[in-house]
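Structure file work23.csv with CSV, C-alpha atoms and all ligand atoms:
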```
chain,number,residue,atom,x,y,z
A,1,MET,CA,-5.6,20.4,-9.1
A,2,THR,CA,-5.2,16.6,-9.2
A,3,GLN,CA,-7.8,14.7,-7.2
A,4,LEU,CA,-7.3,11.1,-5.9
A,5,LEU,CA,-10.1,8.9,-4.7
A,6,VAL,CA,-8.8,6.2,-2.3
A,7,LEU,CA,-10.9,3.3,-1.2
A,8,HIS,CA,-9.6,1.2,1.7
A,9,ASN,CA,-11.1,-2.2,2.2
A,10,SER,CA,-8.9,-4.2,4.6
A,11,LEU,CA,-10.6,-5.6,7.7
A,12,ASN,CA,-7.2,-5.6,9.4
A,13,PRO,CA,-5.7,-2.2,8.6
A,14,SER,CA,-2.8,-2.3,11.1
A,15,ALA,CA,-1.4,-5.4,9.5
A,16,SER,CA,-2.7,-4.9,6.0
A,17,ALA,CA,-0.4,-5.2,3.0
A,18,SER,CA,-2.8,-3.5,0.7
A,19,ARG,CA,-3.2,-0.7,3.2
A,20,ALA,CA,0.6,-0.4,3.5
A,21,MET,CA,0.9,-0.2,-0.3
A,22,THR,CA,-1.7,2.5,-0.4
A,23,GLU,CA,-0.1,4.5,2.3
A,24,ALA,CA,3.4,4.2,0.7
A,25,TYR,CA,1.9,5.5,-2.6
A,26,LEU,CA,0.0,8.3,-0.9
A,27,THR,CA,3.1,9.4,1.1
A,28,ARG,CA,5.0,9.7,-2.2
A,29,VAL,CA,2.2,11.5,-4.0
A,30,ARG,CA,1.8,14.0,-1.1
A,31,ALA,CA,5.5,14.8,-1.1
A,32,ALA,CA,5.7,15.3,-4.8
A,33,ASN,CA,2.4,17.1,-5.2
A,34,PRO,CA,1.3,18.8,-1.9
A,35,GLU,CA,-1.6,20.5,-3.8
A,36,ALA,CA,-3.2,17.1,-4.6
A,37,ARG,CA,-6.6,16.6,-3.1
A,38,VAL,CA,-7.1,13.1,-1.6
A,39,ILE,CA,-10.5,11.8,-0.8
A,40,GLU,CA,-10.3,8.6,1.4
A,41,ARG,CA,-13.1,6.3,2.2
A,42,ASP,CA,-12.5,3.4,4.5
A,43,LEU,CA,-15.2,1.1,3.3
A,44,ALA,CA,-14.3,-1.6,5.8
A,45,ALA,CA,-14.7,0.7,8.8
A,46,ASP,CA,-17.6,2.6,7.4
A,47,PRO,CA,-19.3,0.3,4.9
A,48,LEU,CA,-21.9,1.4,2.4
A,49,PRO,CA,-25.3,-0.4,2.8
A,50,HIS,CA,-26.2,-3.0,0.2
A,51,LEU,CA,-28.2,-1.6,-2.6
A,52,PRO,CA,-31.8,-1.2,-1.3
A,53,PRO,CA,-34.8,-2.1,-3.5
A,54,GLU,CA,-35.6,1.6,-3.8
A,55,ILE,CA,-32.5,2.2,-6.0
A,56,ILE,CA,-34.0,0.3,-8.9
A,57,PRO,CA,-35.5,3.2,-10.8
A,58,SER,CA,-32.2,5.2,-10.7
A,59,LEU,CA,-30.2,2.2,-11.8
A,60,PHE,CA,-32.2,1.9,-14.9
A,61,GLY,CA,-32.4,5.6,-15.8
A,62,GLN,CA,-35.9,6.3,-14.4
A,63,PRO,CA,-36.7,9.3,-12.2
A,64,ALA,CA,-36.5,8.6,-8.4
A,65,GLN,CA,-39.6,9.4,-6.5
A,66,PRO,CA,-39.2,11.5,-3.3
A,67,GLY,CA,-38.5,9.6,-0.2
A,68,LEU,CA,-36.5,6.4,-0.1
A,69,GLU,CA,-35.9,6.3,-3.8
A,70,ALA,CA,-34.5,9.8,-3.8
A,71,GLU,CA,-32.3,9.0,-0.8
A,72,ALA,CA,-30.8,5.9,-2.5
A,73,ALA,CA,-30.3,7.9,-5.7
A,74,ALA,CA,-28.6,10.7,-3.8
A,75,LEU,CA,-26.0,8.3,-2.3
A,76,SER,CA,-25.3,6.9,-5.8
A,77,ASP,CA,-25.1,10.4,-7.3
A,78,ALA,CA,-22.6,11.5,-4.6
A,79,LEU,CA,-20.3,8.5,-5.1
A,80,ILE,CA,-20.4,8.9,-8.9
A,81,THR,CA,-19.6,12.6,-8.6
A,82,GLU,CA,-16.6,11.8,-6.5
A,83,LEU,CA,-15.5,9.3,-9.1
A,84,GLU,CA,-16.1,11.7,-12.0
A,85,GLN,CA,-14.1,14.4,-10.4
A,86,SER,CA,-11.1,12.2,-9.5
A,87,ASP,CA,-8.1,11.8,-11.8
A,88,VAL,CA,-6.6,8.8,-10.0
A,89,ILE,CA,-8.7,6.0,-8.3
A,90,VAL,CA,-6.8,3.9,-5.8
A,91,LEU,CA,-8.4,0.6,-4.8
A,92,GLY,CA,-7.1,-1.2,-1.7
A,93,ALA,CA,-8.3,-4.6,-2.6
A,94,PRO,CA,-7.6,-7.5,-0.2
A,95,PHE,CA,-8.2,-10.9,-1.8
A,96,TYR,CA,-11.2,-12.4,0.1
A,97,ASN,CA,-12.7,-15.7,-0.8
A,98,PHE,CA,-11.2,-15.6,-4.3
A,99,THR,CA,-12.5,-12.1,-5.2
A,100,ILE,CA,-12.8,-8.5,-3.9
A,101,PRO,CA,-14.2,-7.7,-0.5
A,102,SER,CA,-17.9,-7.2,-0.4
A,103,THR,CA,-17.4,-3.6,0.8
A,104,LEU,CA,-15.8,-2.8,-2.5
A,105,LYS,CA,-18.5,-4.7,-4.4
A,106,SER,CA,-21.1,-2.5,-2.7
A,107,TRP,CA,-19.3,0.7,-3.8
A,108,LEU,CA,-19.2,-0.7,-7.4
A,109,ASP,CA,-22.9,-1.4,-7.2
A,110,TYR,CA,-23.6,2.2,-6.4
A,111,VAL,CA,-21.4,3.7,-9.2
A,112,ILE,CA,-22.3,1.3,-12.0
A,113,ARG,CA,-25.5,2.9,-13.3
A,114,GLY,CA,-27.2,2.6,-16.6
A,115,GLY,CA,-27.5,6.0,-18.4
A,116,ARG,CA,-25.1,7.6,-16.0
A,117,THR,CA,-21.8,5.7,-16.0
A,118,PHE,CA,-22.4,3.4,-18.9
A,119,ARG,CA,-25.0,2.8,-21.6
A,120,TYR,CA,-25.8,0.1,-24.1
A,121,THR,CA,-25.3,0.8,-27.8
A,122,GLU,CA,-25.9,-1.2,-30.9
A,123,THR,CA,-22.2,-2.3,-30.7
A,124,GLY,CA,-22.3,-3.2,-27.0
A,125,PRO,CA,-21.9,-1.3,-23.7
A,126,GLU,CA,-20.1,2.0,-23.6
A,127,GLY,CA,-18.4,3.6,-20.5
A,128,LEU,CA,-19.6,7.2,-19.8
A,129,LEU,CA,-17.0,8.3,-17.3
A,130,PRO,CA,-14.7,11.2,-18.6
A,131,PRO,CA,-11.6,9.7,-20.2
A,132,GLY,CA,-8.1,10.0,-18.9
A,133,LYS,CA,-8.5,8.5,-15.4
A,134,ARG,CA,-5.9,6.1,-13.9
A,135,VAL,CA,-6.9,3.2,-11.6
A,136,LEU,CA,-4.3,1.7,-9.3
A,137,VAL,CA,-5.3,-1.6,-7.7
A,138,PHE,CA,-3.2,-2.6,-4.6
A,139,THR,CA,-4.2,-6.2,-3.8
A,140,ALA,CA,-2.9,-8.6,-1.2
A,141,SER,CA,-3.6,-12.4,-1.0
A,142,GLY,CA,-2.6,-15.2,1.3
A,143,GLY,CA,-1.8,-17.5,-1.7
A,144,VAL,CA,-0.4,-16.9,-5.2
A,145,TYR,CA,-2.8,-16.3,-8.1
A,146,SER,CA,-0.8,-14.4,-10.7
A,147,ALA,CA,0.6,-17.7,-12.0
A,148,GLY,CA,0.7,-21.4,-11.2
A,149,PRO,CA,-2.1,-23.8,-10.2
A,150,ALA,CA,-4.3,-21.2,-8.5
A,151,ALA,CA,-4.3,-18.7,-11.4
A,152,ALA,CA,-7.8,-19.9,-12.5
A,153,MET,CA,-9.1,-19.0,-9.0
A,154,ASP,CA,-8.2,-15.4,-9.4
A,155,HIS,CA,-11.6,-13.7,-9.6
A,156,LEU,CA,-10.3,-10.4,-8.4
A,157,VAL,CA,-8.0,-8.9,-11.0
A,158,PRO,CA,-10.0,-10.2,-14.1
A,159,TYR,CA,-13.3,-9.2,-12.5
A,160,LEU,CA,-12.1,-5.7,-11.6
A,161,LYS,CA,-10.8,-5.2,-15.2
A,162,VAL,CA,-14.2,-6.2,-16.6
A,163,VAL,CA,-16.4,-4.2,-14.2
A,164,LEU,CA,-14.2,-1.0,-14.3
A,165,GLY,CA,-13.9,-1.3,-18.1
A,166,LEU,CA,-17.7,-1.2,-18.3
A,167,ILE,CA,-17.8,2.3,-17.0
A,168,GLY,CA,-14.8,3.5,-19.1
A,169,LEU,CA,-12.0,2.9,-16.7
A,170,THR,CA,-9.4,1.0,-18.8
A,171,ASP,CA,-6.1,2.4,-17.6
A,172,ILE,CA,-5.6,0.0,-14.7
A,173,GLU,CA,-2.3,-0.8,-13.0
A,174,VAL,CA,-2.3,-3.8,-10.6
A,175,VAL,CA,0.3,-4.3,-7.8
A,176,ARG,CA,0.0,-7.6,-6.0
A,177,ALA,CA,1.4,-8.6,-2.6
A,178,GLU,CA,1.0,-12.3,-3.0
A,179,GLY,CA,1.7,-15.2,-0.6
A,180,MET,CA,1.1,-13.2,2.5
A,181,LYS,CA,0.4,-16.5,4.3
A,182,LEU,CA,3.5,-18.2,2.9
A,183,PRO,CA,7.1,-18.2,3.9
A,184,ASP,CA,9.0,-15.1,2.5
A,185,ALA,CA,5.9,-13.0,3.0
A,186,ALA,CA,7.9,-10.2,4.6
A,187,ALA,CA,10.2,-9.8,1.6
A,188,THR,CA,7.3,-10.1,-0.9
A,189,ARG,CA,5.4,-7.5,1.0
A,190,ALA,CA,8.3,-5.1,1.1
A,191,ALA,CA,8.8,-5.5,-2.6
A,192,ALA,CA,5.1,-4.8,-3.3
A,193,ILE,CA,5.1,-1.7,-1.1
A,194,ALA,CA,8.2,-0.4,-3.0
A,195,ARG,CA,6.4,-1.1,-6.4
A,196,ALA,CA,3.3,0.8,-5.2
A,197,ALA,CA,5.3,3.8,-4.0
A,198,ALA,CA,7.2,3.9,-7.4
A,199,LEU,CA,3.9,4.4,-9.2
A,200,ALA,CA,3.8,7.9,-7.7
A,201,ALA,CA,7.0,8.9,-9.4
A,301,LIG,C1,-12.4,-13.1,4.9
A,301,LIG,C2,-11.0,-13.5,4.3
A,301,LIG,C3,-11.0,-14.3,3.2
A,301,LIG,C4,-9.8,-14.6,2.6
A,301,LIG,N1,-9.8,-15.3,1.5
A,301,LIG,C5,-8.6,-15.6,0.9
A,301,LIG,C6,-8.6,-16.4,-0.3
A,301,LIG,O1,-9.6,-16.7,-0.9
A,301,LIG,N2,-7.3,-16.6,-0.9
A,301,LIG,C7,-6.2,-16.2,-0.3
A,301,LIG,O2,-5.1,-16.5,-0.8
A,301,LIG,N3,-6.2,-15.5,0.9
A,301,LIG,C8,-7.4,-15.2,1.5
A,301,LIG,N4,-7.4,-14.5,2.6
A,301,LIG,C9,-6.1,-13.9,3.1
A,301,LIG,C10,-5.9,-12.5,2.7
A,301,LIG,O3,-6.0,-12.4,1.3
A,301,LIG,C11,-4.5,-12.0,3.1
A,301,LIG,O4,-4.5,-12.0,4.5
A,301,LIG,C12,-4.3,-10.6,2.6
A,301,LIG,O5,-3.0,-10.2,3.1
A,301,LIG,C13,-5.4,-9.6,3.0
A,301,LIG,O6,-5.1,-8.3,2.6
A,301,LIG,P1,-4.6,-7.2,3.6
A,301,LIG,O7,-3.3,-7.6,4.1
A,301,LIG,O8,-4.5,-6.0,2.8
A,301,LIG,O9,-5.6,-7.1,4.7
A,301,LIG,C14,-8.6,-14.1,3.2
A,301,LIG,C15,-8.6,-13.4,4.4
A,301,LIG,C16,-9.8,-13.0,4.9
A,301,LIG,C17,-9.9,-12.2,6.2
```
Since I need it in another form, could you write the structure as structure tokens?
Amino acid sequence: MTQLLVLHNSLNPSASASRAMTEAYLTRVRAANPEARVIERDLAADPLPHLPPEIIPSLFGQPAQPGLEAEAAALSDALITELEQSDVIVLGAPFYNFTIPSTLKSWLDYVIRGGRTFRYTETGPEGLLPPGKRVLVFTASGGVYSAGPAAAMDHLVPYLKVVLGLIGLTDIEVVRAEGMKLPDAAATRAAAIARAAALAA
């Protein structure tokens, strides 16, 4: 059975373009594959805490002591297990202050763990997640960053590719709803939603 892990991050879900893209994609997936298991986490409504100091041993492959260290490790373990068991990871990624929302950064901080989701080798870091996973990034921004004068300020797509690649997620498809604060936003948004839905085909 296919499992999808969906992470929502918009602070404004009722008006959100990334959320609308995600919902359009999920609607199409559910219609085509009613058996698919979908795990949804709304990290904006229910944020993960910042990493606590007690997570340090687990992050570096050391055993966690009972108490706060074990609690922090357990949350990281649970999030990593969700990721390991999912075939498709859908990231709703609004463009906030030139990069991803801090809610998504917190999730990344829990799942990027030395000795568990990546390791260092003599030839560099190696991702340890099982191969074959697909990542879909549905991102929305007020301005335009895919090309033009602001392209150098896009710290979202390049960053996600680096950080996901570290743990072995390299099959990454990005759909952008850009210019959401510019004229023609409605048409651009509709086109992005259609492109997102088409990925479920
Ligand atoms: C906290 C915050 C920071 C933002 N920073 C940027 C930014 O750096 N560049 C930009 O083009 N738009 C920025 N925006 C606008 C959003 O990217 C835009 O509204 C986008 O549609 C948000 O995604 P959503 O529609 O899925 O909620 C920001 C919005 C918020 C709320």
Excluding Pro101 in chain A and its own-chain neighbours fewer than 5 positions away, which residues fall within 9 Å of it when counting all atoms listed in the file? Please give them as a ChimeraX atom specification.
/A:9-10,44,93-96,106
Once you count all atoms listed in the file, what closest atom pair and distance in Å to one decimal does each residue of chain A within 8 Å of ligand LIG 301 (chain A) have, with rows by chain and rising residue number, as a Markdown table?
```
| residue | atom | partner | partner_atom | distance |
| --- | --- | --- | --- | --- |
| A:Asn9 | CA | A:LIG301 | O8 | 7.6 |
| A:Ser10 | CA | A:LIG301 | O9 | 4.4 |
| A:Leu11 | CA | A:LIG301 | O9 | 6.0 |
| A:Asn12 | CA | A:LIG301 | O9 | 5.2 |
| A:Pro13 | CA | A:LIG301 | O9 | 6.3 |
| A:Ala15 | CA | A:LIG301 | O7 | 6.1 |
| A:Ser16 | CA | A:LIG301 | O7 | 3.4 |
| A:Ala17 | CA | A:LIG301 | O7 | 3.9 |
| A:Ser18 | CA | A:LIG301 | O8 | 3.7 |
| A:Arg19 | CA | A:LIG301 | O8 | 5.5 |
| A:Ala20 | CA | A:LIG301 | O8 | 7.6 |
| A:Gly92 | CA | A:LIG301 | O8 | 7.1 |
| A:Ala93 | CA | A:LIG301 | O8 | 6.7 |
| A:Pro94 | CA | A:LIG301 | O6 | 3.8 |
| A:Phe95 | CA | A:LIG301 | O3 | 4.1 |
| A:Tyr96 | CA | A:LIG301 | N1 | 3.5 |
| A:Asn97 | CA | A:LIG301 | O1 | 3.3 |
| A:Phe98 | CA | A:LIG301 | O1 | 3.9 |
| A:Thr99 | CA | A:LIG301 | O1 | 6.9 |
| A:Pro101 | CA | A:LIG301 | C1 | 7.8 |
| A:Thr139 | CA | A:LIG301 | O8 | 6.6 |
| A:Ala140 | CA | A:LIG301 | O6 | 4.4 |
| A:Ser141 | CA | A:LIG301 | O3 | 3.3 |
| A:Gly142 | CA | A:LIG301 | O2 | 3.5 |
| A:Gly143 | CA | A:LIG301 | O2 | 3.6 |
| A:Val144 | CA | A:LIG301 | O2 | 6.5 |
| A:Tyr145 | CA | A:LIG301 | O2 | 7.7 |
| A:Ala177 | CA | A:LIG301 | O5 | 7.4 |
| A:Glu178 | CA | A:LIG301 | O5 | 7.6 |
| A:Gly179 | CA | A:LIG301 | O2 | 6.9 |
| A:Met180 | CA | A:LIG301 | O5 | 5.1 |
| A:Lys181 | CA | A:LIG301 | O4 | 6.7 |
```
Name all residues at most 7 Å from Val135 in chain A (count all atoms listed in the file; drop same-chain ones fewer than 4 positions away) and give them as a ChimeraX atom specification.
/A:88-90,171-173
How many Å lie between CA of Val29 in chain A and CA of Ala200 in chain A, rounded to one decimal?
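Interatomic distance, CA of Val29 in chain A to CA of Ala200 in chain A: 5.4 Å.
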What's the 7 Å shell around Ala196 in chain A, counting all atoms listed in the file, without same-chain residues fewer than 6 positions away, as a list in words?
Met21, Ala24, Tyr25 and Val175 of chain A
